[in-house]
Structures are given as C-alpha cells and as structure tokens.
file my_file-v8.cif (mmCIF, C-alpha atoms)
data_final
#
loop_
_atom_site.label_atom_id
_atom_site.label_comp_id
_atom_site.auth_asym_id
_atom_site.auth_seq_id
_atom_site.Cartn_x
_atom_site.Cartn_y
_atom_site.Cartn_z
CA MET A 630 113.18 -79.41 -79.72
CA THR A 631 113.95 -75.82 -80.63
CA GLY A 632 111.98 -72.98 -79.16
CA LEU A 633 110.14 -72.37 -82.44
CA GLU A 634 109.21 -76.03 -82.84
CA MET A 635 107.87 -76.13 -79.32
CA GLN A 636 105.88 -73.01 -79.94
CA ARG A 637 104.39 -74.39 -83.14
CA ARG A 638 103.61 -77.75 -81.65
CA PHE A 639 101.96 -76.56 -78.52
CA GLY A 640 101.42 -72.94 -79.06
CA ARG A 641 98.50 -72.61 -81.49
CA CYS A 642 96.99 -70.01 -79.28
CA VAL A 643 99.82 -69.52 -76.88
CA MET A 644 100.29 -65.94 -75.97
CA MET A 645 103.70 -65.94 -74.47
CA ALA A 646 103.84 -63.18 -71.91
CA GLY A 647 106.05 -61.25 -74.25
CA SER A 648 109.39 -62.96 -74.14
CA VAL A 649 109.71 -65.32 -77.09
CA LEU A 650 107.20 -63.37 -79.14
CA ALA A 651 108.95 -60.12 -78.40
CA VAL A 652 112.15 -61.67 -79.72
CA SER A 653 110.58 -62.86 -82.95
CA TRP A 654 108.65 -59.59 -83.27
CA PHE A 655 111.89 -57.68 -83.02
CA LEU A 656 113.50 -59.93 -85.58
CA ILE A 657 110.74 -59.78 -88.16
CA ALA A 658 109.99 -56.08 -87.92
CA PRO A 659 113.38 -54.42 -88.04
CA ALA A 660 111.91 -51.13 -89.15
CA PHE A 661 109.69 -51.07 -86.13
CA ALA A 662 112.06 -49.08 -83.98
CA GLN A 663 111.89 -46.19 -86.44
CA ALA A 664 108.13 -46.38 -86.99
CA PRO A 665 105.85 -44.18 -84.95
CA PRO A 666 104.31 -45.84 -81.91
CA PRO A 667 101.60 -48.24 -83.03
CA GLY A 668 98.19 -46.78 -83.42
CA SER A 669 99.11 -43.28 -82.42
CA VAL A 670 99.87 -41.77 -85.81
CA GLY A 671 98.57 -38.29 -85.94
CA LYS A 672 96.94 -37.50 -89.22
CA VAL A 673 94.12 -39.96 -89.66
CA THR A 674 91.73 -38.50 -92.14
CA GLU A 675 89.85 -41.63 -93.05
CA HIS A 676 87.10 -42.61 -90.73
CA THR A 677 87.41 -46.13 -89.40
CA SER A 678 84.63 -48.33 -88.19
CA ALA A 679 85.82 -47.99 -84.62
CA GLY A 680 86.11 -44.24 -84.78
CA SER A 681 89.09 -44.50 -82.44
CA GLU A 682 90.63 -41.40 -83.97
CA ASN A 683 87.97 -39.51 -82.01
CA TRP A 684 88.43 -41.34 -78.73
CA HIS A 685 89.91 -39.38 -75.87
CA ARG A 686 90.34 -39.77 -72.13
CA LEU A 687 86.98 -40.19 -70.44
CA PRO A 688 86.00 -37.35 -68.14
CA PRO A 689 85.78 -38.26 -64.43
CA GLY A 690 82.01 -38.74 -64.80
CA GLY A 691 80.96 -37.65 -61.34
CA PRO A 692 81.36 -39.43 -57.99
CA ALA A 693 81.87 -43.17 -57.77
CA PRO A 694 78.79 -45.16 -56.77
CA ARG A 695 78.85 -46.53 -53.23
CA THR A 696 77.53 -49.67 -51.63
CA ALA A 697 75.11 -49.80 -48.73
CA GLN A 698 78.15 -50.26 -46.48
CA GLY A 699 79.49 -46.91 -47.70
CA HIS A 700 82.44 -48.24 -49.67
CA PRO A 701 83.12 -47.39 -53.30
CA ASP A 702 81.31 -49.91 -55.47
CA LEU A 703 83.76 -51.31 -57.97
CA SER A 704 81.10 -53.18 -59.93
CA GLY A 705 81.34 -52.66 -63.66
CA VAL A 706 83.31 -53.41 -66.78
CA PHE A 707 86.61 -51.60 -67.03
CA PHE A 708 89.12 -51.38 -69.87
CA PRO A 709 92.90 -51.17 -69.31
CA ASN A 710 93.20 -47.64 -70.68
CA ALA A 711 91.54 -44.25 -70.31
CA ALA A 712 89.15 -44.63 -73.26
CA GLY A 713 86.40 -46.79 -71.80
CA ARG A 714 86.68 -49.06 -74.84
CA GLN A 715 88.80 -51.91 -76.12
CA VAL A 716 91.76 -50.27 -77.80
CA GLN A 717 93.33 -52.71 -80.19
CA ARG A 718 96.96 -52.25 -81.10
CA ALA A 719 96.08 -51.27 -84.64
CA TYR A 720 93.76 -48.42 -83.78
CA PRO A 721 94.88 -44.87 -84.45
CA ILE A 722 94.18 -43.12 -81.16
CA ASP A 723 95.23 -40.29 -78.91
CA PRO A 724 98.10 -41.78 -76.85
CA GLU A 725 96.62 -40.30 -73.67
CA ALA A 726 93.54 -42.39 -74.21
CA ARG A 727 95.47 -45.58 -74.91
CA ARG A 728 97.71 -45.57 -71.86
CA GLN A 729 97.03 -46.35 -68.21
CA TYR A 730 99.62 -43.95 -66.84
CA ASP A 731 102.07 -41.33 -68.02
CA PRO A 732 105.54 -42.85 -67.74
CA LYS A 733 107.04 -39.38 -67.51
CA VAL A 734 104.97 -38.60 -64.43
CA THR A 735 104.80 -42.00 -62.70
CA PRO A 736 107.43 -44.20 -64.31
CA GLU A 737 107.20 -47.90 -63.60
CA GLY A 738 110.57 -49.20 -62.52
CA LYS A 739 112.07 -52.62 -63.03
CA PRO A 740 112.20 -55.17 -60.23
CA ASP A 741 115.39 -55.18 -58.18
CA LEU A 742 116.33 -58.82 -58.69
CA LYS A 743 118.71 -60.63 -56.37
CA PRO A 744 121.74 -61.88 -58.30
CA GLY A 745 121.48 -65.59 -58.96
CA ALA A 746 117.86 -65.85 -57.84
CA GLN A 747 116.38 -66.08 -61.35
CA GLU A 748 118.62 -69.05 -62.09
CA LYS A 749 117.46 -70.72 -58.89
CA TYR A 750 113.74 -70.11 -59.29
CA LYS A 751 113.26 -70.46 -63.01
CA GLN A 752 110.73 -73.01 -64.13
CA VAL A 753 110.05 -74.88 -67.32
CA ARG A 754 107.88 -72.39 -69.15
CA MET A 755 104.36 -73.72 -69.22
CA TYR A 756 102.14 -73.48 -72.22
CA GLY A 757 98.45 -73.15 -72.60
CA GLU A 758 96.14 -72.24 -75.38
CA CYS A 759 95.53 -68.90 -73.77
CA THR A 760 97.98 -66.84 -71.80
CA LEU A 761 98.22 -68.40 -68.36
CA PRO A 762 96.68 -66.16 -65.71
CA SER A 763 98.51 -64.85 -62.69
CA THR A 764 98.24 -62.22 -60.00
CA PRO A 765 99.13 -59.45 -60.63
CA GLY A 766 100.60 -60.32 -64.03
CA THR A 767 97.35 -60.62 -65.93
CA LEU A 768 96.17 -57.19 -64.87
CA LEU A 769 99.54 -55.60 -65.60
CA GLN A 770 99.58 -57.21 -69.03
CA GLU A 771 96.12 -56.12 -70.07
CA ASN A 772 97.14 -52.74 -71.44
CA SER A 773 98.96 -54.56 -74.20
CA LEU A 774 96.51 -57.47 -74.32
CA THR A 775 93.65 -54.88 -74.40
CA TRP A 776 90.94 -56.96 -72.70
CA PRO A 777 88.45 -55.78 -70.07
CA ILE A 778 87.72 -56.96 -66.54
CA GLN A 779 84.43 -56.93 -64.69
CA PHE A 780 83.88 -56.57 -60.97
CA VAL A 781 80.83 -57.85 -59.19
CA GLN A 782 80.87 -56.55 -55.65
CA THR A 783 78.79 -58.06 -52.85
CA PRO A 784 79.05 -57.41 -49.11
CA ASP A 785 81.36 -60.37 -48.44
CA ARG A 786 83.07 -61.01 -51.80
CA ILE A 787 84.32 -59.17 -54.79
CA VAL A 788 84.43 -61.25 -57.93
CA MET A 789 86.86 -60.09 -60.57
CA MET A 790 86.27 -61.58 -64.01
CA ILE A 791 88.84 -61.24 -66.76
CA GLU A 792 87.76 -61.61 -70.37
CA TYR A 793 91.13 -62.78 -71.63
CA PRO A 794 92.22 -65.29 -70.53
CA MET A 795 88.69 -66.20 -69.55
CA ASP A 796 89.30 -66.27 -65.85
CA PHE A 797 88.02 -65.15 -62.47
CA ARG A 798 89.34 -64.18 -59.05
CA ILE A 799 87.33 -64.31 -55.85
CA ILE A 800 88.40 -61.83 -53.23
CA HIS A 801 86.97 -62.31 -49.78
CA THR A 802 86.07 -59.17 -47.89
CA ASP A 803 84.39 -60.77 -44.86
CA GLY A 804 87.45 -60.44 -42.64
CA ARG A 805 88.59 -64.06 -42.90
CA PRO A 806 92.32 -64.75 -42.78
CA HIS A 807 94.20 -66.73 -45.41
CA PRO A 808 93.74 -70.47 -44.97
CA LYS A 809 96.44 -72.22 -42.97
CA ASP A 810 98.06 -74.05 -45.86
CA PRO A 811 96.53 -72.88 -49.10
CA ASP A 812 97.26 -74.77 -52.29
CA PRO A 813 99.15 -72.62 -54.76
CA THR A 814 97.07 -71.38 -57.65
CA PHE A 815 97.92 -69.15 -60.57
CA ASN A 816 95.80 -66.32 -59.18
CA GLY A 817 96.63 -66.98 -55.54
CA ASN A 818 94.48 -66.78 -52.43
CA SER A 819 93.09 -63.28 -51.98
CA ILE A 820 91.57 -61.53 -48.97
CA ALA A 821 90.87 -57.84 -48.74
CA HIS A 822 89.82 -55.04 -46.44
CA TRP A 823 88.86 -51.42 -46.96
CA ASP A 824 91.30 -48.76 -45.85
CA LYS A 825 88.96 -45.79 -46.09
CA ASP A 826 88.12 -45.76 -49.80
CA THR A 827 90.95 -48.04 -50.87
CA LEU A 828 90.43 -51.75 -51.30
CA VAL A 829 93.60 -53.46 -50.10
CA ILE A 830 93.93 -57.01 -51.45
CA ASP A 831 96.43 -59.39 -49.91
CA THR A 832 97.40 -62.43 -51.96
CA VAL A 833 99.59 -65.42 -51.14
CA ALA A 834 99.99 -69.00 -52.36
CA LEU A 835 100.94 -68.09 -55.91
CA ASP A 836 101.94 -70.90 -58.23
CA VAL A 837 105.61 -70.53 -59.15
CA ARG A 838 105.16 -71.90 -62.64
CA VAL A 839 104.00 -68.62 -64.14
CA PRO A 840 106.48 -65.76 -64.29
CA ASN A 841 105.63 -62.22 -63.37
CA PHE A 842 104.88 -59.44 -65.84
CA GLY A 843 108.26 -58.73 -67.37
CA GLY A 844 109.24 -62.39 -67.29
CA TRP A 845 110.86 -62.83 -63.87
CA TRP A 846 110.34 -65.89 -61.75
CA HIS A 847 109.15 -65.80 -58.17
CA SER A 848 109.30 -68.11 -55.17
CA GLU A 849 106.53 -69.71 -53.12
CA ASP A 850 106.98 -66.92 -50.60
CA GLU A 851 105.78 -64.26 -53.00
CA HIS A 852 103.32 -61.87 -51.40
CA VAL A 853 101.24 -59.47 -53.48
CA VAL A 854 99.34 -56.45 -52.25
CA GLU A 855 97.01 -54.66 -54.62
CA ARG A 856 95.32 -51.34 -53.96
CA ILE A 857 92.23 -50.35 -55.85
CA THR A 858 90.37 -47.08 -55.61
CA ARG A 859 87.55 -45.62 -57.63
CA PRO A 860 88.22 -41.88 -57.52
CA SER A 861 85.28 -41.12 -59.80
CA LYS A 862 82.58 -42.97 -61.69
CA ASN A 863 84.63 -43.52 -64.83
CA TYR A 864 87.93 -44.57 -63.33
CA ILE A 865 89.50 -47.23 -61.22
CA VAL A 866 93.10 -46.83 -60.13
CA TYR A 867 95.04 -50.03 -59.58
CA GLN A 868 98.46 -50.27 -58.01
CA THR A 869 100.29 -53.39 -56.91
CA THR A 870 103.35 -54.21 -54.80
CA ILE A 871 105.14 -57.53 -55.10
CA ASP A 872 107.31 -58.68 -52.24
CA ASP A 873 109.47 -61.77 -52.54
CA PRO A 874 112.51 -61.81 -50.26
CA MET A 875 113.94 -64.85 -52.06
CA VAL A 876 114.02 -63.12 -55.42
CA LEU A 877 113.89 -59.36 -54.82
CA ASN A 878 116.24 -57.09 -52.94
CA LYS A 879 113.26 -54.89 -52.18
CA PRO A 880 109.56 -54.94 -53.03
CA TRP A 881 108.54 -53.81 -56.48
CA THR A 882 105.63 -51.44 -56.92
CA SER A 883 103.85 -50.77 -60.18
CA ALA A 884 102.82 -47.38 -61.42
CA PRO A 885 99.28 -46.43 -60.43
CA ARG A 886 97.33 -47.61 -63.46
CA GLU A 887 93.97 -46.31 -64.57
CA TRP A 888 91.20 -48.50 -65.85
CA SER A 889 88.20 -46.80 -67.41
CA LEU A 890 84.52 -47.67 -67.18
CA SER A 891 83.04 -49.11 -70.35
CA VAL A 892 81.14 -46.50 -72.35
CA VAL A 893 78.47 -49.14 -72.96
CA PRO A 894 75.92 -48.67 -70.15
CA ASP A 895 75.54 -51.69 -67.86
CA ASP A 896 78.11 -53.62 -69.91
CA ASP A 897 79.10 -57.24 -69.37
CA LEU A 898 82.10 -59.25 -70.45
CA ASP A 899 81.95 -61.45 -73.50
CA GLU A 900 83.07 -65.03 -73.78
CA PHE A 901 86.52 -65.79 -75.10
CA PHE A 902 87.69 -69.34 -75.51
CA CYS A 903 91.10 -70.07 -76.91
CA THR A 904 90.07 -72.95 -79.08
CA THR A 905 92.21 -74.03 -81.96
CA ASN A 906 89.85 -72.85 -84.62
CA GLU A 907 92.48 -71.63 -87.02
CA GLU A 908 93.49 -74.85 -88.62
CA PRO A 909 91.89 -77.98 -87.17
CA GLN A 910 93.38 -80.24 -89.82
CA GLU A 911 96.86 -78.86 -89.21
CA TRP A 912 96.38 -79.33 -85.51
CA GLN A 913 95.47 -82.97 -86.06
CA LYS A 914 98.53 -83.50 -88.25
CA GLU A 915 100.68 -82.53 -85.33
CA GLY A 916 99.16 -85.31 -83.30
CA HIS A 917 96.55 -83.50 -81.28
CA PRO A 918 93.25 -85.32 -81.57
CA GLN A 919 90.12 -83.25 -81.72
CA THR A 920 87.90 -84.07 -78.83
CA ASN A 921 84.16 -83.89 -79.15
CA PHE A 922 82.24 -84.36 -75.97
CA MET B 1397 117.15 -70.76 -74.90
CA ARG B 1398 117.81 -69.13 -71.58
CA HIS B 1399 120.13 -66.60 -73.16
CA ARG B 1400 117.43 -65.66 -75.65
CA LEU B 1401 114.90 -65.39 -72.88
CA ARG B 1402 117.05 -63.04 -70.88
CA GLY B 1403 117.46 -60.73 -73.82
CA ALA B 1404 113.75 -60.93 -74.42
CA VAL B 1405 112.96 -59.67 -70.93
CA VAL B 1406 114.62 -56.39 -71.87
CA LEU B 1407 112.65 -56.30 -75.10
CA VAL B 1408 109.41 -56.88 -73.22
CA ALA B 1409 110.03 -53.77 -71.19
CA VAL B 1410 110.56 -51.73 -74.34
CA PHE B 1411 107.93 -53.29 -76.55
CA PHE B 1412 105.16 -54.24 -74.16
CA ALA B 1413 102.85 -51.67 -75.59
CA SER B 1414 103.35 -53.03 -79.06
CA VAL B 1415 103.06 -56.78 -78.55
CA PRO B 1416 99.98 -57.92 -80.42
CA ALA B 1417 96.94 -58.05 -78.25
CA PHE B 1418 96.21 -61.67 -78.93
CA ALA B 1419 98.99 -63.19 -80.88
CA HIS B 1420 100.07 -66.67 -81.48
CA HIS B 1421 102.24 -68.66 -83.77
CA GLY B 1422 100.75 -67.06 -86.87
CA TYR B 1423 103.00 -64.14 -87.58
CA ALA B 1424 106.20 -65.91 -86.82
CA THR B 1425 105.57 -69.32 -88.33
CA GLU B 1426 102.49 -69.42 -90.54
CA PHE B 1427 102.17 -66.07 -92.32
CA ASP B 1428 104.59 -64.14 -94.47
CA ILE B 1429 104.63 -60.48 -93.59
CA THR B 1430 106.97 -59.68 -96.44
CA LYS B 1431 104.26 -60.63 -98.92
CA CYS B 1432 101.34 -58.57 -97.65
CA GLU B 1433 99.08 -57.29 -100.38
CA ASN B 1434 95.68 -55.89 -101.21
CA LEU B 1435 93.02 -58.37 -102.29
CA LYS B 1436 89.99 -57.21 -104.26
CA GLY B 1437 87.02 -59.42 -104.75
CA THR B 1438 83.58 -60.25 -103.49
CA LEU B 1439 82.78 -60.98 -99.88
CA SER B 1440 81.37 -64.49 -99.89
CA GLY B 1441 80.97 -65.46 -96.26
CA VAL B 1442 82.18 -65.30 -92.69
CA GLU B 1443 82.97 -67.69 -89.84
CA TRP B 1444 82.04 -65.73 -86.75
CA GLU B 1445 84.00 -67.61 -84.08
CA ASN B 1446 86.39 -67.16 -81.22
CA PRO B 1447 89.29 -66.82 -81.03
CA HIS B 1448 89.42 -65.72 -84.67
CA ALA B 1449 86.76 -64.85 -87.15
CA PHE B 1450 87.40 -65.73 -90.79
CA PHE B 1451 86.17 -63.58 -93.65
CA HIS B 1452 85.82 -65.25 -97.06
CA ILE B 1453 86.55 -63.26 -100.17
CA ASP B 1454 86.32 -64.57 -103.73
CA VAL B 1455 89.20 -63.22 -105.77
CA LYS B 1456 89.82 -63.63 -109.46
CA ASP B 1457 93.44 -64.49 -110.25
CA ALA B 1458 95.42 -63.46 -113.33
CA ASP B 1459 94.01 -66.39 -115.30
CA GLY B 1460 90.45 -65.48 -114.49
CA LYS B 1461 90.02 -68.33 -112.01
CA VAL B 1462 88.13 -67.43 -108.87
CA ASN B 1463 89.64 -68.55 -105.58
CA THR B 1464 88.05 -68.18 -102.17
CA TRP B 1465 90.47 -66.72 -99.68
CA ARG B 1466 89.94 -67.46 -96.01
CA LEU B 1467 91.20 -64.55 -93.96
CA GLU B 1468 91.79 -64.66 -90.22
CA THR B 1469 90.83 -61.65 -88.12
CA ILE B 1470 90.73 -60.65 -84.47
CA SER B 1471 88.04 -62.13 -82.27
CA PRO B 1472 84.36 -61.27 -82.69
CA ASN B 1473 84.50 -59.66 -79.24
CA SER B 1474 86.96 -57.12 -80.56
CA LEU B 1475 85.26 -56.76 -83.93
CA LYS B 1476 81.98 -55.90 -82.23
CA ARG B 1477 83.63 -53.35 -80.00
CA SER B 1478 85.20 -51.69 -83.02
CA GLY B 1479 82.02 -51.28 -85.00
CA THR B 1480 81.90 -54.51 -87.00
CA THR B 1481 79.08 -56.80 -86.00
CA ARG B 1482 78.16 -60.12 -87.52
CA GLU B 1483 75.19 -58.41 -89.16
CA ASP B 1484 77.46 -55.79 -90.68
CA VAL B 1485 79.44 -58.53 -92.37
CA LEU B 1486 76.49 -60.68 -93.43
CA SER B 1487 74.70 -57.70 -94.94
CA ASN B 1488 77.72 -57.13 -97.20
CA VAL B 1489 78.02 -60.69 -98.50
CA GLY B 1490 77.82 -60.71 -102.27
CA LYS B 1491 79.19 -57.17 -102.53
CA PRO B 1492 82.66 -56.01 -103.53
CA ALA B 1493 85.27 -56.05 -100.83
CA VAL B 1494 88.93 -55.17 -100.54
CA ALA B 1495 91.33 -56.27 -97.84
CA ARG B 1496 94.92 -55.80 -96.76
CA ILE B 1497 96.19 -59.29 -96.07
CA CYS B 1498 99.35 -61.20 -95.27
CA PRO B 1499 99.29 -64.67 -96.85
CA THR B 1500 100.60 -67.96 -95.54
CA LYS B 1501 104.22 -68.74 -96.18
CA ALA B 1502 105.20 -70.84 -99.17
CA GLY B 1503 104.09 -74.40 -98.50
CA GLY B 1504 101.28 -73.30 -96.23
CA THR B 1505 97.58 -73.55 -96.90
CA PRO B 1506 96.86 -71.71 -100.14
CA TYR B 1507 94.38 -68.83 -100.29
CA LYS B 1508 94.65 -68.27 -96.60
CA GLY B 1509 96.00 -65.30 -94.73
CA THR B 1510 95.45 -62.81 -91.99
CA ALA B 1511 93.46 -59.70 -92.72
CA GLU B 1512 94.54 -56.38 -91.27
CA PHE B 1513 92.06 -53.98 -92.87
CA PHE B 1514 88.84 -54.58 -94.71
CA LYS B 1515 86.49 -52.44 -96.73
CA LEU B 1516 83.19 -54.09 -97.39
CA GLY B 1517 80.44 -52.98 -99.76
CA ASP B 1518 79.37 -50.19 -97.41
CA GLY B 1519 82.72 -48.49 -97.85
CA LEU B 1520 83.62 -48.19 -94.15
CA LEU B 1521 87.24 -48.93 -93.32
CA ARG B 1522 87.37 -51.68 -90.74
CA ILE B 1523 90.44 -52.55 -88.69
CA VAL B 1524 90.28 -56.32 -88.30
CA GLY B 1525 93.85 -57.30 -87.44
CA GLN B 1526 96.87 -56.24 -85.47
CA ASN B 1527 98.30 -53.96 -88.15
CA ILE B 1528 101.47 -55.96 -88.32
CA GLU B 1529 102.79 -53.71 -91.08
CA ASN B 1530 102.15 -50.62 -88.97
CA LEU B 1531 100.17 -48.88 -91.69
CA THR B 1532 98.01 -45.85 -91.31
CA PRO B 1533 94.66 -45.86 -93.09
CA GLU B 1534 96.20 -43.38 -95.54
CA ASP B 1535 98.80 -45.97 -96.54
CA LEU B 1536 96.20 -48.39 -97.77
CA HIS B 1537 95.29 -47.07 -101.23
CA PHE B 1538 92.31 -49.36 -101.41
CA ASP B 1539 90.77 -47.34 -104.18
CA ASN B 1540 93.71 -47.77 -106.58
#
call {"tool": "encode", "arguments": {"input": "my_file-v8.cif", "output": "structure tokens"}}
result
Amino acid sequence: MTGLEMQRRFGRCVMMAGSVLAVSWFLIAPAFAQAPPPGSVGKVTEHTSAGSENWHRLPPGGPAPRTAQGHPDLSGVFFPNAAGRQVQRAYPIDPEARRQYDPKVTPEGKPDLKPGAQEKYKQVRMYGECTLPSTPGTLLQENSLTWPIQFVQTPDRIVMMIEYPMDFRIIHTDGRPHPKDPDPTFNGNSIAHWDKDTLVIDTVALDVRVPNFGGWWHSEDEHVVERITRPSKNYIVYQTTIDDPMVLNKPWTSAPREWSLSVVPDDDLDEFFCTTNEEPQEWQKEGHPQTNF
Amino acid sequence: MRHRLRGAVVLVAVFFASVPAFAHHGYATEFDITKCENLKGTLSGVEWENPHAFFHIDVKDADGKVNTWRLETISPNSLKRSGTTREDVLSNVGKPAVARICPTKAGGTPYKGTAEFFKLGDGLLRIVGQNIENLTPEDLHFDN
C-alpha cells in the first residue's frame, strides 16, 4: 500500500505531524516558497470578519493572579501566539502577534540526533482521526495547529486541557514521586513542583509510538522537563527540554514560547471531535462501517 | 517511504508555520487546487458540525440549471472565534453569497468543494478555510 493510499484509507482526519503532509504541500504549491509568509501580507484594506488585521501582541496586562499558596495561578485559556485569539493560517495578521517567539532572538535549534538511532527506534507510524497527542509535541505543534489550551489549577493538581486533539494532562503537584513502573502513555506521567515562580514538570513513561515535534523517534527512556511561568496576566511562557540518551547526543531545549490569555473574559475550551463528517458514504465505501451507539 | 519521510523532516522545520491548522486528506487527494474559482449564488443552508462545517450555496450553471454546492469549511470553533457564528450564517440564508472555492477532483463528488473565503448577504468578508491559494483579500475580486 503506497503512502497516499494508506493516508486516504485511514486518514480522513489524520493530521500527520507535518511529515507526509509537508511533502505533499511542497509538491502541490511550488510557488509557495516565493509567496509571502502566510497570513502576514501587509496591505490588507478589506475588513475581514475576524478583524485579524488589527490584532497585535497583547500588552502584559498587569501582574499574574496568584493562588492561596502564593504561586502563580495558571488557570485560564491560552492561545499559542501573542494575540490572545485563535490565529488561523489564513488570517492576515501582524507577524509579531502570530508567533510565540522571535527566531532571531531565541532561535530553536534542531535535536542533536545520535547517528543510527532513528533507524533503531523508528516505529510504524500510527494513525488516528485526530493528530495523536504527545508530550511535549502537542504543545510545540500548536502554533501551527492554532488551538488553545486551558489550565485548571488546584492545590494538588494542575489539569491541562487541549482543544485539539481533544485531550487532557493531569499534573500532580502534591509532591508524589513517579509511580514505580508506570505504563507508557502518549502524554506520559507528569509530576511537578514550584521553583519560585516557575512550575517545573517532570514527565516519564512516554509511549514510543508517537514521534516528537519535528518527526524524530524517541526511546522508552525519554525524559521531558517543562518549565512554565506566568510573567504577567496575559502571558504564559513555556519551555521544554527533552533528554533521551539513547537517541540524542545531548538534551534538546525548545525556545521559550509565549502563550497568550484569551481576550474573551473567563473563556473555556470548546469541544472538537474528529469525526468523519466530510463524506460518510465515501467512508463506508472504503469499508469502514458507521457505528451508531 | 522512509526516504521520503527523512526529507519531510527537513521540510517540517521550514514549513511548520505554514502547515494547515487542521488538515487532512482533502487538499492532496480529494480537492483540486488548480481549479479554484469564485462561486456566486444564494446561500441555502449550513451544516454546523465539527470537524468541518458545510455551507450550501445554490449556483446557476451556464444552462440555467441550479445546483447546490456543499462547501467544506474550518470547524465551528474556529468560525466562531473569527466572527462567524451559526446565527450569522442562518440570518443570511436566502440572500446572495459569493465564495472562493476549490472543487473536488474529476471523478469526485460533484458540486462539492472547500471554501476559503465567503461573503454572505451582509457583505462582510469571512475567512472560512486555510487559504490554500495564499490569496490576500484584495486578490479576491468578489465584486467582479
């Protein structure tokens, strides 16, 4: 079965993490390299329903709220940009509002991969109707996926909900250690502590069947540390380090990436199911029965 | 396959900011982006569903026959956040509408496509797709 056939058969709503799609994108849009960056074209004189041509970086917005324990309260809906809104690819918008970091100031390097390790640790690429989640891949991907996250912070847990793929992570902050032999999951087992005003999340037991952001495979020994701060009301800064001695020559650290508080007061996430609603009859032709419970 | 994948990893690094936000088979296998066009007609309905909404537009063809096009858009979550609510659409049913669409490939479902931009009866330009053609609003010439 060729790659395209597999994608068609199983991939009605598959969002490949960029690899196969990026290849076909490159092939079908040869003029793309010469076109201006998507959505950032300067002279937009026509008003669009979104009004994104008038969106700019949110101001800091004052101090971050704090919990009764004195820590920054991360609770809220945050978008993977500086605009406080969902910024779809197609929107004309100030590039400083669209991005999470300035690559000229804090470039994000590539992982230093051990020769031969990718061959050893590669997996059959899994499919799903939505992009498969992973830590930290989902969060690193969201700037291009565009979807928000929502934190609900309580004294002993922080719940991170992710609108696309509709997913959640539970991060224990009660001081417990990782379990002795945790089952691997796509999001991993996460515990965290506060280092002054920085939440430091430690994650292990990450399922090897989902590659990292950028498409590189990891081992069972992968260890992810994420650092989250809320320097002001409107911003969260997220930075992650991936360590995997089987696959990396040295740990890889992301750029510090800003997420911005939704401009909608007291916002919540919306529901997003990746059903196959495009073409049910086509889907059935390919041998996938519709199930009605 | 592996060779292709390796090359694609490099492309991901370059193009990550431009990969469609929620993309799937459509642009590569179902729709023909070389045949994108403007459709003018009457908005006749909407399916307000995840992961894609579908706008219906009745369009008269060259022979005077009216066909209902079913046009796939981004999710209602994203439509709402960009100033297009279900009420906005419903309140424009029965009024003229114009859309920039990319139809299915030859052999695919007729009168179906993806919609990139839409102007409903209220005249507001709505971005409802991924702008696969990389157009600016000024490129659209909806009033021609």
call {"tool": "resolve_selection", "arguments": {"input": "my_file-v8.cif", "expression": "the PyMOL selection byres ((chain B and resi 1480) around 12)", "output": "PyMOL selection string"}}
result
(chain A and resi 677-680) or (chain B and resi 1444+1449+1469-1479+1481-1488+1513-1516+1518+1520-1524)
call {"tool": "resolve_selection", "arguments": {"input": "my_file-v8.cif", "expression": "the PyMOL selection byres ((chain B and resi 1536) around 12)", "output": "MDAnalysis selection string"}}
result
(chainID A and resid 673 675) or (chainID B and resid 1432:1435 1494:1497 1512:1515 1521:1523 1527 1529:1535 1537:1540)
call {"tool": "write_last_selection", "arguments": {"input": "my_file-v8.cif", "atoms": "C-alpha atoms", "output": "compact mmCIF listing (two decimals), in the coordinates of the input"}}
result
# COMPACT_ATOMS: atom_id res chain seq x y z
CA VAL A 673 94.12 -39.96 -89.66
CA GLU A 675 89.85 -41.63 -93.05
CA CYS B 1432 101.34 -58.57 -97.65
CA GLU B 1433 99.08 -57.29 -100.38
CA ASN B 1434 95.68 -55.89 -101.21
CA LEU B 1435 93.02 -58.37 -102.29
CA VAL B 1494 88.93 -55.17 -100.54
CA ALA B 1495 91.33 -56.27 -97.84
CA ARG B 1496 94.92 -55.80 -96.76
CA ILE B 1497 96.19 -59.29 -96.07
CA GLU B 1512 94.54 -56.38 -91.27
CA PHE B 1513 92.06 -53.98 -92.87
CA PHE B 1514 88.84 -54.58 -94.71
CA LYS B 1515 86.49 -52.44 -96.73
CA LEU B 1521 87.24 -48.93 -93.32
CA ARG B 1522 87.37 -51.68 -90.74
CA ILE B 1523 90.44 -52.55 -88.69
CA ASN B 1527 98.30 -53.96 -88.15
CA GLU B 1529 102.79 -53.71 -91.08
CA ASN B 1530 102.15 -50.62 -88.97
CA LEU B 1531 100.17 -48.88 -91.69
CA THR B 1532 98.01 -45.85 -91.31
CA PRO B 1533 94.66 -45.86 -93.09
CA GLU B 1534 96.20 -43.38 -95.54
CA ASP B 1535 98.80 -45.97 -96.54
CA HIS B 1537 95.29 -47.07 -101.23
CA PHE B 1538 92.31 -49.36 -101.41
CA ASP B 1539 90.77 -47.34 -104.18
CA ASN B 1540 93.71 -47.77 -106.58
call {"tool": "closest_residue", "arguments": {"input": "my_file-v8.cif", "among": "A:Pro880, A:Gly804, A:Pro777, A:Gly699", "to": "chain B", "atoms": "all atoms listed in the file"}}
result
A:Pro777
call {"tool": "residues_around", "arguments": {"input": "my_file-v8.cif", "residues": "stretch 866-873 of chain A", "least_positions_apart": "5", "cutoff": "6 Å", "atoms": "all atoms listed in the file", "output": "list in words"}}
result
Glu851, His852, Val853, Val854, Glu855, Arg856, Ile857, Thr858, Pro880, Trp881, Thr882, Ser883, Pro885, Arg886 and Glu887 of chain A
call {"tool": "atom_distance", "arguments": {"input": "my_file-v8.cif", "atom1": "atom CA of A:Asp895", "atom2": "atom CA of A:Asp785"}}
result
22.1 Å
